[in-house]
Amino acid sequence: MEVQTPASAETDWDQVREWDEQYVFHVLATKDEYRSNVVESADGCYVTMADGRRIFDFANQLICVNMGHRHPKIVEAIREATDKFGYVWEGLTTEYRARAAKLIMEDIGVGEWAGRIRFLSTGTEAVENMVLFAKLYTGRRNIVTRTYDYHGWTNALSGANGMRGYRSSLASGSGEPVHLDVPDAPSANYHYAPAPHCYRCPIGHSYPNCKDENGTLACVKATEHLISSIGPETVAGFITEPAQGAGMIHPPKEYFPQVREMTKRLNVLWLDDEVMTGFGRLGEWFGYKVYDVTPDIMAVAKGLSSSSLPAAGVVLSKEVTEFFDQWRFNTMSTFGSHPLGMAAVCGNLEAMLEENILERVRDLGGHLGSGLMDLQERHPCVGLASGRGLMWSLELVRNKETHEPFVSVDRYSTYAKTEEVPASAVVGKIAYDEGVAIGAFLPNSIRLATAFVATKSDIDFGLAALDKGLSELDKYCD
């Protein structure tokens, strides 16, 4: 058998582009729009393109490479596992899976409230399981979610996504804008509570004047009203992200304590989607710890293995665990608990613990936050910089006083091409020309993150490129 050699300096990148453009199904672009953007390698918080350009990854890909590209301890753990395993299914126990569970439950402290974790392969799969477990445990059909939430790409989870453009739909790239929904999306039995978007409140309030005489936020009251109207006894759970990743929104400090009090009082499970915020992203191990509350069920992925290999999980509270311990669960995941993925989890979490990663994220996050606040002060196009740890966002506005966005549809975008040029794309192009990649999915928002191994100098480099892009956008402000 002939062994293929890895890509090297002799790689024919034109041939790579040709195969990619001719045979691969691509996302976010039509055939005519797509241009192959070939990566030669990735290391730390940088990616090196085929043309030799080194790009600072100020988006952290999909906010998922927490410990950076090719962290030595993760690489070594995977390499060691390949000497022992190809594949075994989740009905067999490996040392890696057992050790990964112990690290999460004991060393990271999840076992203070949780009883078991089931390992899976993707964040969407973990959220699917979380919803499935909630429905089985409660015997109820309804799920309450929020506008601007994103919880996964599958048809079954389309109802959980409070952003129409993220429901695995199709959008035109030329001519008159056309949007094609999946015919049976959004999926049934999902109901939408308002997002805690204080900058541009979807129900017309102004923070902090939105609180009632008891201090309860208007969006929390609206959520309780929705659940009460549906009937709490029919609601399996309220699913949330601690920080809305696709929606790019960080809630006010009172939000989750009030949500948790409300869900407990109504006997509705709180389903915590930590796929993006878990494992240090916000400067705590998990987003729920930022607010000193605990969920009933939690989904994790991305930072679980720093995306070095597919790995995800769903975590059950002790009470929920006691119920499922009495039953046989008749579903299997082919790649759940994959031994190589579990080895990556072990290497990743052990590196985080050894490097005291939370302290580092808080320090870097403070530096990043200060830099973004400075940009907000200096640029008329930056209406709001918000975030925590190494997960931040910018609201781009035409007018700071009125909060008017550049693109009218804002978070209701269907991603069809229109005459309106996304403000984020204007900034993103200039930043990329300066050697920095940012998250520019929403038309009026920018998402920023970086690997935990970045330095303050790396962040300053990213901020300088961002500064240049925002200066261009300032020209279009009122």
# chains A, B, ... in the order shown; residues from 1 in each chain; ligands from 1
call {"tool": "residues_around", "arguments": {"residues": "Leu358 (chain A)", "least_positions_apart": "2", "cutoff": "8 Å", "atoms": "only C-alpha atoms", "output": "number ranges by chain"}}
result
A: 280, 283-285, 352, 356, 360-362
call {"tool": "write_last_selection", "arguments": {"atoms": "C-alpha atoms", "output": "PDB file, in the first residue's frame"}}
result
ATOM      1  CA  GLY A 280     -13.135  28.918  30.652  1.00  0.00           C
ATOM      2  CA  GLY A 283     -13.303  33.496  32.888  1.00  0.00           C
ATOM      3  CA  GLU A 284     -15.150  30.788  34.848  1.00  0.00           C
ATOM      4  CA  TRP A 285     -15.303  27.096  34.079  1.00  0.00           C
ATOM      5  CA  MET A 352      -6.138  24.014  31.502  1.00  0.00           C
ATOM      6  CA  ASN A 356      -4.287  27.949  35.794  1.00  0.00           C
ATOM      7  CA  ARG A 360      -5.115  33.884  32.467  1.00  0.00           C
ATOM      8  CA  VAL A 361      -8.484  34.332  30.724  1.00  0.00           C
ATOM      9  CA  ARG A 362      -9.558  36.929  33.286  1.00  0.00           C
TER      10      ARG A 362
END
call {"tool": "closest_atom_pairs", "arguments": {"of": "region 402-472 of chain A", "to": "region 62-71 of chain A", "cutoff": "10 Å", "atoms": "only C-alpha atoms", "output": "JSON lines"}}
result
{"residue": "A:Gly439", "atom": "CA", "partner": "A:Leu62", "partner_atom": "CA", "distance": 8.1}
{"residue": "A:Arg447", "atom": "CA", "partner": "A:Ile63", "partner_atom": "CA", "distance": 9.0}
{"residue": "A:Leu448", "atom": "CA", "partner": "A:Ile63", "partner_atom": "CA", "distance": 8.4}
{"residue": "A:Ala449", "atom": "CA", "partner": "A:Ile63", "partner_atom": "CA", "distance": 6.3}
{"residue": "A:Thr450", "atom": "CA", "partner": "A:Ile63", "partner_atom": "CA", "distance": 7.4}
{"residue": "A:Ala451", "atom": "CA", "partner": "A:Asn66", "partner_atom": "CA", "distance": 4.8}
{"residue": "A:Phe452", "atom": "CA", "partner": "A:Met67", "partner_atom": "CA", "distance": 5.4}
{"residue": "A:Val453", "atom": "CA", "partner": "A:Gly68", "partner_atom": "CA", "distance": 6.1}
{"residue": "A:Ala454", "atom": "CA", "partner": "A:Gly68", "partner_atom": "CA", "distance": 8.0}
call {"tool": "select_by_dssp", "arguments": {"residues": "region 160-368 of chain A", "states": "strand (DSSP E or B)", "output": "VMD selection string"}}
result
chain A and resid 170 to 171 179 to 180 190 to 193 235 to 240 244 249 269 to 273 297 to 300 312 to 317
call {"tool": "closest_residue", "arguments": {"among": "A:Ile249, A:Leu463, A:Ala423, A:Leu132", "to": "Tyr150 (chain A)", "atoms": "only C-alpha atoms"}}
result
A:Ile249
call {"tool": "atom_distance", "arguments": {"atom1": "CA of Leu396 (chain A)", "atom2": "CA of Gln376 (chain A)"}}
result
9.7 Å
call {"tool": "residues_around", "arguments": {"residues": "Val345 (chain A)", "least_positions_apart": "4", "cutoff": "8 Å", "atoms": "only C-alpha atoms", "output": "VMD selection string"}}
result
chain A and resid 74 100 304 to 306 311 341 349
call {"tool": "closest_atom_pairs", "arguments": {"of": "region 79-155 of chain A", "to": "region 323-333 of chain A", "cutoff": "9 Å", "atoms": "only C-alpha atoms", "output": "CSV"}}
result
residue,atom,partner,partner_atom,distance
A:Trp89,CA,A:Ser333,CA,8.1
A:Glu90,CA,A:Ser333,CA,7.4
A:Gly91,CA,A:Met332,CA,8.7
A:Phe119,CA,A:Ser333,CA,8.9
A:Leu120,CA,A:Ser333,CA,6.7
A:Ser121,CA,A:Ser333,CA,8.0
A:Phe133,CA,A:Phe324,CA,8.7
A:Tyr137,CA,A:Phe323,CA,7.2
call {"tool": "write_last_selection", "arguments": {"atoms": "C-alpha atoms", "output": "mmCIF file, in the first residue's frame"}}
result
data_model
loop_
_atom_site.group_PDB
_atom_site.id
_atom_site.type_symbol
_atom_site.label_atom_id
_atom_site.label_comp_id
_atom_site.auth_asym_id
_atom_site.auth_seq_id
_atom_site.Cartn_x
_atom_site.Cartn_y
_atom_site.Cartn_z
ATOM 1 C CA TRP A 89 -18.108 2.076 20.702
ATOM 2 C CA GLU A 90 -19.545 3.681 23.827
ATOM 3 C CA GLY A 91 -20.610 0.325 25.273
ATOM 4 C CA PHE A 119 -20.094 11.932 25.912
ATOM 5 C CA LEU A 120 -21.088 12.657 22.320
ATOM 6 C CA SER A 121 -19.399 14.151 19.254
ATOM 7 C CA PHE A 133 -33.560 13.969 28.198
ATOM 8 C CA TYR A 137 -37.683 13.117 32.350
#
call {"tool": "closest_residue", "arguments": {"among": "A:Lys302, A:Lys456, A:Arg411, A:Arg260", "to": "Tyr148 (chain A)", "atoms": "only C-alpha atoms"}}
result
A:Arg411
call {"tool": "closest_residue", "arguments": {"among": "A:Ala299, A:Ala243, A:Leu217, A:Leu28", "to": "Gly165 (chain A)", "atoms": "only C-alpha atoms"}}
result
A:Leu28
call {"tool": "closest_residue", "arguments": {"among": "A:Gly336, A:Gly204, A:Gly44, A:Gly159", "to": "Asn142 (chain A)", "atoms": "only C-alpha atoms"}}
result
A:Gly159
call {"tool": "select_by_dssp", "arguments": {"residues": "region 193-435 of chain A", "states": "alpha helix (DSSP H)", "output": "number ranges by chain"}}
result
A: 218-230, 255-266, 287-290, 318-324, 339-354, 357-378, 423-433
call {"tool": "closest_residue", "arguments": {"among": "A:Ala98, A:Glu355, A:Met163, A:Val144", "to": "Ser229 (chain A)", "atoms": "only C-alpha atoms"}}
result
A:Val144
